[in-house]
file work-v7.pdb (PDB, C-alpha atoms, pLDDT in the B column)
ATOM      1  CA  MET A 944       0.000   0.000   0.000  1.00 67.00           C
ATOM      2  CA  SER A 945       1.356   3.361  -1.006  1.00 76.00           C
ATOM      3  CA  MET A 946       1.815   6.029   1.631  1.00 83.00           C
ATOM      4  CA  ARG A 947       1.489   8.785  -0.965  1.00 86.00           C
ATOM      5  CA  THR A 948      -1.529  11.045  -0.934  1.00 88.00           C
ATOM      6  CA  PRO A 949      -3.746  11.244  -4.034  1.00 85.00           C
ATOM      7  CA  LEU A 950      -2.507  14.807  -4.576  1.00 84.00           C
ATOM      8  CA  GLY A 951       1.122  13.704  -4.421  1.00 82.00           C
ATOM      9  CA  ARG A 952       0.475  11.028  -7.017  1.00 81.00           C
ATOM     10  CA  VAL A 953      -1.007  13.369  -9.606  1.00 79.00           C
ATOM     11  CA  ARG A 954       1.307  16.321  -9.134  1.00 75.00           C
ATOM     12  CA  GLY A 955       3.240  17.031 -12.296  1.00 70.00           C
ATOM     13  CA  LEU A 956       1.067  14.707 -14.394  1.00 73.00           C
ATOM     14  CA  GLY A 957      -1.107  17.393 -15.961  1.00 67.00           C
ATOM     15  CA  SER A 958      -0.443  18.365 -19.566  1.00 66.00           C
ATOM     16  CA  ALA A 959       1.246  21.607 -18.532  1.00 60.00           C
ATOM     17  CA  LYS A 960       3.460  19.882 -15.904  1.00 62.00           C
ATOM     18  CA  ASP A 961       2.908  22.816 -13.594  1.00 69.00           C
ATOM     19  CA  GLY A 962      -0.049  24.166 -11.750  1.00 69.00           C
ATOM     20  CA  THR A 963      -0.918  27.811 -11.504  1.00 83.00           C
ATOM     21  CA  GLU A 964       2.677  28.996 -11.796  1.00 87.00           C
ATOM     22  CA  HIS A 965       2.263  30.185 -15.362  1.00 90.00           C
ATOM     23  CA  PHE A 966      -0.848  32.207 -14.512  1.00 92.00           C
ATOM     24  CA  TRP A 967       0.709  33.572 -11.354  1.00 93.00           C
ATOM     25  CA  MET A 968       4.055  34.585 -12.862  1.00 95.00           C
ATOM     26  CA  GLN A 969       2.214  36.282 -15.716  1.00 96.00           C
ATOM     27  CA  ARG A 970       0.496  38.451 -13.096  1.00 96.00           C
ATOM     28  CA  VAL A 971       3.618  39.002 -10.981  1.00 97.00           C
ATOM     29  CA  THR A 972       5.592  40.190 -14.001  1.00 98.00           C
ATOM     30  CA  ALA A 973       2.586  42.200 -15.232  1.00 98.00           C
ATOM     31  CA  VAL A 974       2.472  44.118 -11.955  1.00 98.00           C
ATOM     32  CA  ALA A 975       6.252  44.604 -12.025  1.00 98.00           C
ATOM     33  CA  ASN A 976       6.102  45.756 -15.641  1.00 98.00           C
ATOM     34  CA  ILE A 977       3.801  48.681 -14.854  1.00 98.00           C
ATOM     35  CA  PRO A 978       6.360  50.786 -12.954  1.00 98.00           C
ATOM     36  CA  LEU A 979       9.268  49.391 -14.990  1.00 98.00           C
ATOM     37  CA  VAL A 980       7.700  50.356 -18.322  1.00 97.00           C
ATOM     38  CA  LEU A 981       6.569  53.772 -17.072  1.00 97.00           C
ATOM     39  CA  ILE A 982      10.086  54.544 -15.793  1.00 97.00           C
ATOM     40  CA  GLY A 983      11.518  53.134 -19.028  1.00 97.00           C
ATOM     41  CA  LEU A 984       9.314  55.449 -21.088  1.00 95.00           C
ATOM     42  CA  TRP A 985      10.451  58.360 -18.956  1.00 95.00           C
ATOM     43  CA  LEU A 986      14.095  57.342 -19.462  1.00 95.00           C
ATOM     44  CA  ILE A 987      13.670  57.130 -23.254  1.00 94.00           C
ATOM     45  CA  ILE A 988      11.892  60.478 -23.400  1.00 92.00           C
ATOM     46  CA  SER A 989      14.724  62.035 -21.399  1.00 92.00           C
ATOM     47  CA  LEU A 990      17.197  60.683 -23.989  1.00 92.00           C
ATOM     48  CA  VAL A 991      15.404  62.080 -27.058  1.00 89.00           C
ATOM     49  CA  GLY A 992      17.741  64.350 -28.993  1.00 86.00           C
ATOM     50  CA  ASP A 993      20.793  63.445 -26.888  1.00 91.00           C
ATOM     51  CA  ASP A 994      24.057  62.589 -28.631  1.00 93.00           C
ATOM     52  CA  TYR A 995      26.076  59.402 -28.071  1.00 95.00           C
ATOM     53  CA  GLN A 996      28.119  60.747 -25.161  1.00 95.00           C
ATOM     54  CA  MET A 997      25.064  61.981 -23.256  1.00 95.00           C
ATOM     55  CA  VAL A 998      23.215  58.690 -23.815  1.00 96.00           C
ATOM     56  CA  VAL A 999      26.186  56.597 -22.659  1.00 96.00           C
ATOM     57  CA  THR A1000      26.776  58.789 -19.603  1.00 95.00           C
ATOM     58  CA  LYS A1001      23.166  58.491 -18.537  1.00 94.00           C
ATOM     59  CA  LEU A1002      22.783  54.760 -19.184  1.00 95.00           C
ATOM     60  CA  SER A1003      26.016  53.926 -17.363  1.00 94.00           C
ATOM     61  CA  SER A1004      24.961  55.372 -14.012  1.00 94.00           C
ATOM     62  CA  PRO A1005      24.514  52.654 -11.332  1.00 93.00           C
ATOM     63  CA  GLY A1006      20.840  53.344 -10.708  1.00 96.00           C
ATOM     64  CA  TRP A1007      19.968  53.000 -14.376  1.00 96.00           C
ATOM     65  CA  THR A1008      22.039  49.825 -14.723  1.00 96.00           C
ATOM     66  CA  VAL A1009      20.068  48.158 -11.929  1.00 97.00           C
ATOM     67  CA  PHE A1010      16.824  49.416 -13.430  1.00 98.00           C
ATOM     68  CA  LEU A1011      17.682  48.174 -16.913  1.00 97.00           C
ATOM     69  CA  VAL A1012      18.527  44.664 -15.709  1.00 97.00           C
ATOM     70  CA  LEU A1013      15.269  44.458 -13.738  1.00 98.00           C
ATOM     71  CA  PHE A1014      13.375  45.818 -16.737  1.00 98.00           C
ATOM     72  CA  ALA A1015      14.862  43.221 -19.076  1.00 98.00           C
ATOM     73  CA  PHE A1016      14.196  40.338 -16.685  1.00 98.00           C
ATOM     74  CA  SER A1017      10.568  41.187 -15.967  1.00 98.00           C
ATOM     75  CA  VAL A1018       9.624  42.152 -19.527  1.00 98.00           C
ATOM     76  CA  LEU A1019      11.316  39.120 -21.084  1.00 98.00           C
ATOM     77  CA  TYR A1020       9.801  36.732 -18.531  1.00 98.00           C
ATOM     78  CA  HIS A1021       6.349  38.200 -19.208  1.00 98.00           C
ATOM     79  CA  MET A1022       6.652  38.081 -22.978  1.00 97.00           C
ATOM     80  CA  ARG A1023       7.946  34.519 -22.972  1.00 97.00           C
ATOM     81  CA  LEU A1024       4.877  33.393 -21.012  1.00 97.00           C
ATOM     82  CA  GLY A1025       2.616  35.385 -23.316  1.00 97.00           C
ATOM     83  CA  LEU A1026       3.969  34.058 -26.577  1.00 97.00           C
ATOM     84  CA  GLN A1027       3.998  30.537 -25.147  1.00 96.00           C
ATOM     85  CA  VAL A1028       0.208  30.740 -24.773  1.00 95.00           C
ATOM     86  CA  VAL A1029      -0.203  32.148 -28.281  1.00 96.00           C
ATOM     87  CA  ILE A1030       1.839  29.270 -29.722  1.00 96.00           C
ATOM     88  CA  GLU A1031      -0.078  26.683 -27.683  1.00 92.00           C
ATOM     89  CA  ASP A1032      -3.393  28.185 -28.814  1.00 91.00           C
ATOM     90  CA  TYR A1033      -2.744  28.224 -32.544  1.00 91.00           C
ATOM     91  CA  ILE A1034      -0.152  25.563 -33.341  1.00 92.00           C
ATOM     92  CA  HIS A1035      -1.611  22.098 -33.135  1.00 86.00           C
ATOM     93  CA  THR A1036       1.070  20.077 -34.889  1.00 91.00           C
ATOM     94  CA  GLU A1037       3.165  18.635 -32.098  1.00 92.00           C
ATOM     95  CA  TRP A1038       6.678  19.006 -33.540  1.00 95.00           C
ATOM     96  CA  THR A1039       6.025  22.513 -34.907  1.00 96.00           C
ATOM     97  CA  LYS A1040       4.653  23.541 -31.541  1.00 95.00           C
ATOM     98  CA  ILE A1041       7.666  22.190 -29.658  1.00 95.00           C
ATOM     99  CA  LEU A1042      10.042  23.843 -32.146  1.00 97.00           C
ATOM    100  CA  LEU A1043       8.324  27.223 -31.747  1.00 97.00           C
ATOM    101  CA  LEU A1044       8.246  26.893 -27.954  1.00 96.00           C
ATOM    102  CA  LEU A1045      11.996  26.224 -28.038  1.00 97.00           C
ATOM    103  CA  LEU A1046      12.581  29.204 -30.338  1.00 98.00           C
ATOM    104  CA  ASN A1047      10.496  31.338 -27.983  1.00 98.00           C
ATOM    105  CA  THR A1048      12.768  30.430 -25.081  1.00 98.00           C
ATOM    106  CA  PHE A1049      15.947  30.865 -27.143  1.00 98.00           C
ATOM    107  CA  PHE A1050      14.796  34.243 -28.475  1.00 98.00           C
ATOM    108  CA  VAL A1051      14.041  35.520 -24.993  1.00 98.00           C
ATOM    109  CA  PHE A1052      17.378  34.353 -23.576  1.00 98.00           C
ATOM    110  CA  PHE A1053      19.275  35.743 -26.585  1.00 98.00           C
ATOM    111  CA  THR A1054      17.568  39.128 -26.240  1.00 98.00           C
ATOM    112  CA  GLY A1055      18.195  39.045 -22.500  1.00 98.00           C
ATOM    113  CA  ALA A1056      21.882  38.254 -23.005  1.00 98.00           C
ATOM    114  CA  MET A1057      22.247  41.178 -25.429  1.00 97.00           C
ATOM    115  CA  PHE A1058      20.401  43.509 -23.085  1.00 98.00           C
ATOM    116  CA  VAL A1059      22.290  42.553 -19.933  1.00 97.00           C
ATOM    117  CA  PHE A1060      25.636  42.538 -21.752  1.00 97.00           C
ATOM    118  CA  ALA A1061      24.920  46.070 -22.971  1.00 97.00           C
ATOM    119  CA  ALA A1062      23.871  47.211 -19.480  1.00 97.00           C
ATOM    120  CA  PHE A1063      27.052  45.819 -17.898  1.00 96.00           C
ATOM    121  CA  LYS A1064      29.367  47.025 -20.645  1.00 96.00           C
ATOM    122  CA  LEU A1065      27.956  50.545 -20.311  1.00 96.00           C
ATOM    123  CA  ALA A1066      28.288  50.338 -16.536  1.00 95.00           C
ATOM    124  CA  PHE A1067      31.756  48.802 -16.242  1.00 94.00           C
ATOM    125  CA  GLY A1068      33.307  49.409 -19.668  1.00 85.00           C
ATOM    126  CA  GLY A1069      34.217  52.988 -18.783  1.00 60.00           C
TER     127      GLY A1069
ATOM    128  CA  MET B 849      -2.629   9.627 -25.831  1.00 38.00           C
ATOM    129  CA  SER B 850      -0.422  12.307 -27.300  1.00 44.00           C
ATOM    130  CA  GLU B 851      -1.695  11.534 -30.794  1.00 45.00           C
ATOM    131  CA  ALA B 852      -5.084  12.873 -29.812  1.00 47.00           C
ATOM    132  CA  SER B 853      -3.777  16.427 -29.754  1.00 49.00           C
ATOM    133  CA  THR B 854      -1.854  16.217 -33.013  1.00 49.00           C
ATOM    134  CA  GLY B 855      -4.733  15.479 -35.374  1.00 54.00           C
ATOM    135  CA  SER B 856      -4.960  18.514 -37.640  1.00 61.00           C
ATOM    136  CA  LYS B 857      -7.822  16.795 -39.492  1.00 74.00           C
ATOM    137  CA  ARG B 858     -10.079  17.002 -36.480  1.00 77.00           C
ATOM    138  CA  PRO B 859     -12.957  19.416 -37.022  1.00 82.00           C
ATOM    139  CA  LEU B 860     -12.973  22.696 -35.119  1.00 79.00           C
ATOM    140  CA  SER B 861     -16.060  24.356 -33.774  1.00 84.00           C
ATOM    141  CA  PRO B 862     -16.760  27.540 -35.681  1.00 84.00           C
ATOM    142  CA  HIS B 863     -15.522  30.477 -33.618  1.00 80.00           C
ATOM    143  CA  LEU B 864     -14.137  33.898 -34.568  1.00 77.00           C
ATOM    144  CA  THR B 865     -15.559  34.006 -38.067  1.00 82.00           C
ATOM    145  CA  ILE B 866     -19.187  33.468 -37.095  1.00 87.00           C
ATOM    146  CA  TYR B 867     -19.435  36.080 -34.352  1.00 87.00           C
ATOM    147  CA  LYS B 868     -20.258  39.738 -34.831  1.00 88.00           C
ATOM    148  CA  PRO B 869     -17.228  41.657 -33.512  1.00 89.00           C
ATOM    149  CA  ILE B 870     -18.223  43.336 -30.262  1.00 93.00           C
ATOM    150  CA  PRO B 871     -16.022  45.882 -28.430  1.00 94.00           C
ATOM    151  CA  THR B 872     -14.856  43.565 -25.636  1.00 94.00           C
ATOM    152  CA  MET B 873     -13.983  40.863 -28.149  1.00 94.00           C
ATOM    153  CA  VAL B 874     -12.050  43.288 -30.353  1.00 94.00           C
ATOM    154  CA  MET B 875     -10.109  44.573 -27.331  1.00 96.00           C
ATOM    155  CA  SER B 876      -9.314  41.017 -26.278  1.00 95.00           C
ATOM    156  CA  ILE B 877      -7.892  40.314 -29.726  1.00 95.00           C
ATOM    157  CA  MET B 878      -6.028  43.641 -29.706  1.00 96.00           C
ATOM    158  CA  HIS B 879      -4.477  42.707 -26.380  1.00 97.00           C
ATOM    159  CA  ARG B 880      -3.005  39.601 -27.934  1.00 97.00           C
ATOM    160  CA  ILE B 881      -1.895  41.320 -31.146  1.00 97.00           C
ATOM    161  CA  THR B 882      -0.228  44.188 -29.268  1.00 98.00           C
ATOM    162  CA  GLY B 883       1.432  41.622 -26.992  1.00 98.00           C
ATOM    163  CA  VAL B 884       2.948  39.805 -29.960  1.00 98.00           C
ATOM    164  CA  ALA B 885       3.995  43.125 -31.522  1.00 98.00           C
ATOM    165  CA  LEU B 886       5.691  44.163 -28.281  1.00 98.00           C
ATOM    166  CA  TYR B 887       7.538  40.842 -28.256  1.00 97.00           C
ATOM    167  CA  PHE B 888       9.347  41.878 -31.425  1.00 97.00           C
ATOM    168  CA  GLY B 889       9.458  45.522 -30.382  1.00 97.00           C
ATOM    169  CA  MET B 890      11.481  44.476 -27.344  1.00 97.00           C
ATOM    170  CA  PHE B 891      14.121  43.168 -29.716  1.00 97.00           C
ATOM    171  CA  LEU B 892      14.285  46.556 -31.491  1.00 97.00           C
ATOM    172  CA  LEU B 893      14.651  48.288 -28.129  1.00 97.00           C
ATOM    173  CA  THR B 894      17.395  45.827 -27.173  1.00 97.00           C
ATOM    174  CA  TRP B 895      19.149  46.434 -30.502  1.00 97.00           C
ATOM    175  CA  TRP B 896      19.161  50.184 -29.888  1.00 97.00           C
ATOM    176  CA  PHE B 897      20.390  49.734 -26.321  1.00 96.00           C
ATOM    177  CA  PHE B 898      23.047  47.263 -27.478  1.00 97.00           C
ATOM    178  CA  SER B 899      24.246  49.771 -30.071  1.00 97.00           C
ATOM    179  CA  ALA B 900      24.943  52.282 -27.299  1.00 96.00           C
ATOM    180  CA  ALA B 901      27.297  49.722 -25.757  1.00 96.00           C
ATOM    181  CA  ALA B 902      28.815  48.777 -29.117  1.00 95.00           C
ATOM    182  CA  GLY B 903      30.359  52.153 -29.930  1.00 94.00           C
ATOM    183  CA  GLU B 904      29.687  55.607 -31.270  1.00 96.00           C
ATOM    184  CA  ASP B 905      29.586  54.882 -35.014  1.00 97.00           C
ATOM    185  CA  TYR B 906      27.270  51.915 -34.634  1.00 97.00           C
ATOM    186  CA  PHE B 907      25.054  53.827 -32.219  1.00 97.00           C
ATOM    187  CA  ASN B 908      24.753  56.765 -34.604  1.00 96.00           C
ATOM    188  CA  TRP B 909      23.838  54.428 -37.442  1.00 97.00           C
ATOM    189  CA  VAL B 910      21.118  52.661 -35.417  1.00 96.00           C
ATOM    190  CA  ASN B 911      19.915  55.949 -33.969  1.00 94.00           C
ATOM    191  CA  GLY B 912      19.645  57.293 -37.512  1.00 94.00           C
ATOM    192  CA  ILE B 913      17.391  54.393 -38.501  1.00 96.00           C
ATOM    193  CA  PHE B 914      15.073  55.031 -35.553  1.00 95.00           C
ATOM    194  CA  GLY B 915      15.180  58.743 -36.293  1.00 92.00           C
ATOM    195  CA  SER B 916      14.044  58.283 -39.907  1.00 95.00           C
ATOM    196  CA  ILE B 917      10.404  58.641 -40.927  1.00 96.00           C
ATOM    197  CA  ILE B 918       9.903  54.862 -41.077  1.00 96.00           C
ATOM    198  CA  GLY B 919      11.745  54.428 -37.797  1.00 95.00           C
ATOM    199  CA  GLN B 920       9.564  57.023 -36.116  1.00 95.00           C
ATOM    200  CA  LEU B 921       6.419  55.374 -37.482  1.00 96.00           C
ATOM    201  CA  ILE B 922       7.551  52.014 -36.093  1.00 97.00           C
ATOM    202  CA  LEU B 923       8.363  53.620 -32.736  1.00 96.00           C
ATOM    203  CA  PHE B 924       4.965  55.319 -32.696  1.00 96.00           C
ATOM    204  CA  GLY B 925       3.251  51.986 -33.318  1.00 97.00           C
ATOM    205  CA  PHE B 926       5.455  50.360 -30.687  1.00 97.00           C
ATOM    206  CA  SER B 927       4.591  53.012 -28.095  1.00 97.00           C
ATOM    207  CA  TRP B 928       0.872  52.742 -28.882  1.00 97.00           C
ATOM    208  CA  ALA B 929       1.003  48.939 -28.559  1.00 98.00           C
ATOM    209  CA  LEU B 930       2.781  49.377 -25.233  1.00 98.00           C
ATOM    210  CA  VAL B 931       0.229  51.810 -23.830  1.00 98.00           C
ATOM    211  CA  HIS B 932      -2.691  49.777 -25.168  1.00 98.00           C
ATOM    212  CA  HIS B 933      -1.345  46.495 -23.805  1.00 98.00           C
ATOM    213  CA  MET B 934      -0.596  48.058 -20.437  1.00 98.00           C
ATOM    214  CA  LEU B 935      -4.111  49.490 -20.097  1.00 97.00           C
ATOM    215  CA  GLY B 936      -5.516  46.099 -21.084  1.00 97.00           C
ATOM    216  CA  GLY B 937      -3.253  44.430 -18.547  1.00 97.00           C
ATOM    217  CA  ILE B 938      -4.376  46.754 -15.760  1.00 97.00           C
ATOM    218  CA  LYS B 939      -7.971  45.962 -16.702  1.00 97.00           C
ATOM    219  CA  HIS B 940      -7.155  42.250 -16.467  1.00 96.00           C
ATOM    220  CA  LEU B 941      -5.576  42.716 -13.029  1.00 96.00           C
ATOM    221  CA  VAL B 942      -8.697  44.510 -11.805  1.00 96.00           C
ATOM    222  CA  GLN B 943     -10.902  41.789 -13.268  1.00 96.00           C
ATOM    223  CA  ASP B 944      -8.725  39.103 -11.640  1.00 94.00           C
ATOM    224  CA  SER B 945     -10.039  40.453  -8.352  1.00 94.00           C
ATOM    225  CA  GLY B 946     -13.610  39.845  -9.534  1.00 94.00           C
ATOM    226  CA  ARG B 947     -14.421  43.499 -10.109  1.00 95.00           C
ATOM    227  CA  ALA B 948     -15.597  45.337 -13.228  1.00 93.00           C
ATOM    228  CA  MET B 949     -17.237  42.337 -14.866  1.00 93.00           C
ATOM    229  CA  GLU B 950     -20.703  43.714 -15.648  1.00 95.00           C
ATOM    230  CA  LYS B 951     -21.610  43.421 -19.317  1.00 93.00           C
ATOM    231  CA  ALA B 952     -22.536  47.052 -19.954  1.00 95.00           C
ATOM    232  CA  PHE B 953     -19.530  48.319 -18.040  1.00 96.00           C
ATOM    233  CA  THR B 954     -17.041  46.090 -19.852  1.00 96.00           C
ATOM    234  CA  THR B 955     -18.379  47.369 -23.173  1.00 96.00           C
ATOM    235  CA  GLN B 956     -17.954  50.965 -22.023  1.00 96.00           C
ATOM    236  CA  MET B 957     -14.425  50.155 -20.841  1.00 96.00           C
ATOM    237  CA  ALA B 958     -13.585  48.556 -24.184  1.00 96.00           C
ATOM    238  CA  LYS B 959     -14.740  51.662 -26.063  1.00 96.00           C
ATOM    239  CA  ALA B 960     -12.858  53.977 -23.704  1.00 97.00           C
ATOM    240  CA  HIS B 961      -9.772  51.763 -24.005  1.00 97.00           C
ATOM    241  CA  VAL B 962      -9.124  52.762 -27.644  1.00 95.00           C
ATOM    242  CA  VAL B 963      -9.614  56.464 -26.982  1.00 97.00           C
ATOM    243  CA  VAL B 964      -7.452  56.482 -23.843  1.00 98.00           C
ATOM    244  CA  SER B 965      -4.633  54.438 -25.370  1.00 97.00           C
ATOM    245  CA  ALA B 966      -4.510  56.638 -28.476  1.00 97.00           C
ATOM    246  CA  GLY B 967      -4.707  59.816 -26.374  1.00 98.00           C
ATOM    247  CA  LEU B 968      -1.973  58.749 -23.961  1.00 97.00           C
ATOM    248  CA  THR B 969       0.304  57.707 -26.832  1.00 97.00           C
ATOM    249  CA  VAL B 970      -0.053  61.082 -28.542  1.00 97.00           C
ATOM    250  CA  LEU B 971       0.592  62.736 -25.172  1.00 96.00           C
ATOM    251  CA  VAL B 972       3.788  60.714 -24.691  1.00 95.00           C
ATOM    252  CA  TRP B 973       5.018  61.829 -28.128  1.00 95.00           C
ATOM    253  CA  ILE B 974       4.178  65.467 -27.481  1.00 95.00           C
ATOM    254  CA  VAL B 975       6.137  65.308 -24.223  1.00 93.00           C
ATOM    255  CA  ALA B 976       9.006  63.541 -26.006  1.00 91.00           C
ATOM    256  CA  TYR B 977       9.198  66.171 -28.743  1.00 89.00           C
ATOM    257  CA  LEU B 978       9.025  69.008 -26.226  1.00 91.00           C
ATOM    258  CA  ALA B 979      11.758  67.351 -24.165  1.00 83.00           C
ATOM    259  CA  GLY B 980      13.999  66.687 -27.185  1.00 74.00           C
TER     260      GLY B 980
END
call {"tool": "encode", "arguments": {"input": "work-v7.pdb", "output": "structure tokens"}}
result
Amino acid sequence: MSMRTPLGRVRGLGSAKDGTEHFWMQRVTAVANIPLVLIGLWLIISLVGDDYQMVVTKLSSPGWTVFLVLFAFSVLYHMRLGLQVVIEDYIHTEWTKILLLLLNTFFVFFTGAMFVFAAFKLAFGG
Amino acid sequence: MSEASTGSKRPLSPHLTIYKPIPTMVMSIMHRITGVALYFGMFLLTWWFFSAAAGEDYFNWVNGIFGSIIGQLILFGFSWALVHHMLGGIKHLVQDSGRAMEKAFTTQMAKAHVVVSAGLTVLVWIVAYLAG
């Protein structure tokens, strides 16, 4: 006789392999994105018309570096979850779906690597 | 078991094409379209940001593209998608709490959504031009 509870036996067996995490993280990142995007818009507006030196000086300040990394993480997390749902909704051929889900993840990590590299190079590259 | 979900020959219930487009439905679709657009817009933003780290000549070249008429049009669309998606997202967060679900009210919200998102986007651009 198994000592496992019915809940323990079925955990991880659903088609999504996770419970409400996807829904919840979509909301967590959505809430985080509100201030991050508003501050980001303000940052971009403040850079309009600036030349290279002014842009680099501003973006390399410690506060903006921290902001930019947080921005990239939250936005990319959110958009990966979002596009995942779009792919799952419209692509019904199994291998195409898996390929696109992989590309979604790769695209997000690639964009994130570019973004974070740029943030750190501006901050530390002098 | 897994084969059941792969059958592209399985019939689908008629959906989008048979319904009259109503405001809440159109806004729901717009939320998804703007979300997908922002997905690719984020790459453009990253490219611009990356160019600032890559050096002055490259930055000026990329900045020139975004400063061109086509670049500005793309940025305008990007900013509108951002504002529209954010307003839609805030609406979703409110509705997650069980509020603002009445039929008449959601229709009013959907109609206001377009006006507010367009208005805020134009406002952002006016502020940007005044600042620049």
call {"tool": "residues_around", "arguments": {"input": "work-v7.pdb", "residues": "A:Val1059", "least_positions_apart": "5", "cutoff": "12 Å", "atoms": "all atoms listed in the file", "output": "PyMOL selection string"}}
result
(chain A and resi 1008-1016+1019+1051-1054+1064-1067) or (chain B and resi 894-895+897-898+901)
call {"tool": "closest_atom_pairs", "arguments": {"input": "work-v7.pdb", "of": "chain B", "to": "chain A", "cutoff": "7 Å", "atoms": "only C-alpha atoms", "output": "JSON lines"}}
result
{"residue": "B:Ser853", "atom": "CA", "partner": "A:His1035", "partner_atom": "CA", "distance": 6.9}
{"residue": "B:Thr854", "atom": "CA", "partner": "A:Thr1036", "partner_atom": "CA", "distance": 5.2}
{"residue": "B:Ser856", "atom": "CA", "partner": "A:His1035", "partner_atom": "CA", "distance": 6.7}
{"residue": "B:Val884", "atom": "CA", "partner": "A:Leu1026", "partner_atom": "CA", "distance": 6.7}
{"residue": "B:Tyr887", "atom": "CA", "partner": "A:Met1022", "partner_atom": "CA", "distance": 6.0}
{"residue": "B:Phe891", "atom": "CA", "partner": "A:Thr1054", "partner_atom": "CA", "distance": 6.3}
{"residue": "B:Thr894", "atom": "CA", "partner": "A:Phe1058", "partner_atom": "CA", "distance": 5.6}
{"residue": "B:Phe897", "atom": "CA", "partner": "A:Ala1061", "partner_atom": "CA", "distance": 6.7}
{"residue": "B:Phe898", "atom": "CA", "partner": "A:Ala1061", "partner_atom": "CA", "distance": 5.0}
{"residue": "B:Ala900", "atom": "CA", "partner": "A:Val999", "partner_atom": "CA", "distance": 6.5}
{"residue": "B:Ala901", "atom": "CA", "partner": "A:Ala1061", "partner_atom": "CA", "distance": 5.2}
{"residue": "B:Glu904", "atom": "CA", "partner": "A:Tyr995", "partner_atom": "CA", "distance": 6.1}
{"residue": "B:Ala976", "atom": "CA", "partner": "A:Ile988", "partner_atom": "CA", "distance": 4.9}
{"residue": "B:Ala979", "atom": "CA", "partner": "A:Ser989", "partner_atom": "CA", "distance": 6.7}
{"residue": "B:Gly980", "atom": "CA", "partner": "A:Gly992", "partner_atom": "CA", "distance": 4.8}
call {"tool": "atom_distance", "arguments": {"input": "work-v7.pdb", "atom1": "atom CA of A:His965", "atom2": "atom CA of B:Thr955"}}
result
28.0 Å
call {"tool": "atom_distance", "arguments": {"input": "work-v7.pdb", "atom1": "atom CA of B:Phe907", "atom2": "atom CA of B:Thr969"}}
result
25.6 Å
call {"tool": "resolve_selection", "arguments": {"input": "work-v7.pdb", "expression": "the PyMOL selection byres ((chain B and resi 939) around 12)", "output": "number ranges by chain"}}
result
A: 970, 973-974; B: 872, 875-876, 879, 932-938, 940-949, 953-954, 957-958, 960-961
call {"tool": "residues_around", "arguments": {"input": "work-v7.pdb", "residues": "B:Val910", "least_positions_apart": "3", "cutoff": "7 Å", "atoms": "all atoms listed in the file", "output": "ChimeraX atom specification"}}
result
/B:896,899,906-907,913-914
call {"tool": "atom_distance", "arguments": {"input": "work-v7.pdb", "atom1": "atom CA of B:Gln956", "atom2": "atom CA of B:Gly889"}}
result
29.2 Å
call {"tool": "axis_aligned_box", "arguments": {"input": "work-v7.pdb", "around": "stretch 956-968 of chain B", "padding_each_side": "4 Å", "output": "JSON"}}
result
{"center_x": -10.0, "center_y": 54.2, "center_z": -24.7, "size_x": 24.0, "size_y": 19.3, "size_z": 15.6}
call {"tool": "closest_residue", "arguments": {"input": "work-v7.pdb", "among": "A:Thr1000, A:Gln969, A:Gln1027, A:Thr948", "to": "A:Leu1046", "atoms": "all atoms listed in the file"}}
result
A:Gln1027
call {"tool": "closest_residue", "arguments": {"input": "work-v7.pdb", "among": "B:Ala902, B:Ala885, B:Leu860, B:Ala966", "to": "B:Phe926", "atoms": "only C-alpha atoms"}}
result
B:Ala885
call {"tool": "resolve_selection", "arguments": {"input": "work-v7.pdb", "expression": "the PyMOL selection byres ((chain B and resi 927) around 9)", "output": "ChimeraX atom specification"}}
result
/A:984 /B:886,922-926,928-932,969,972-973
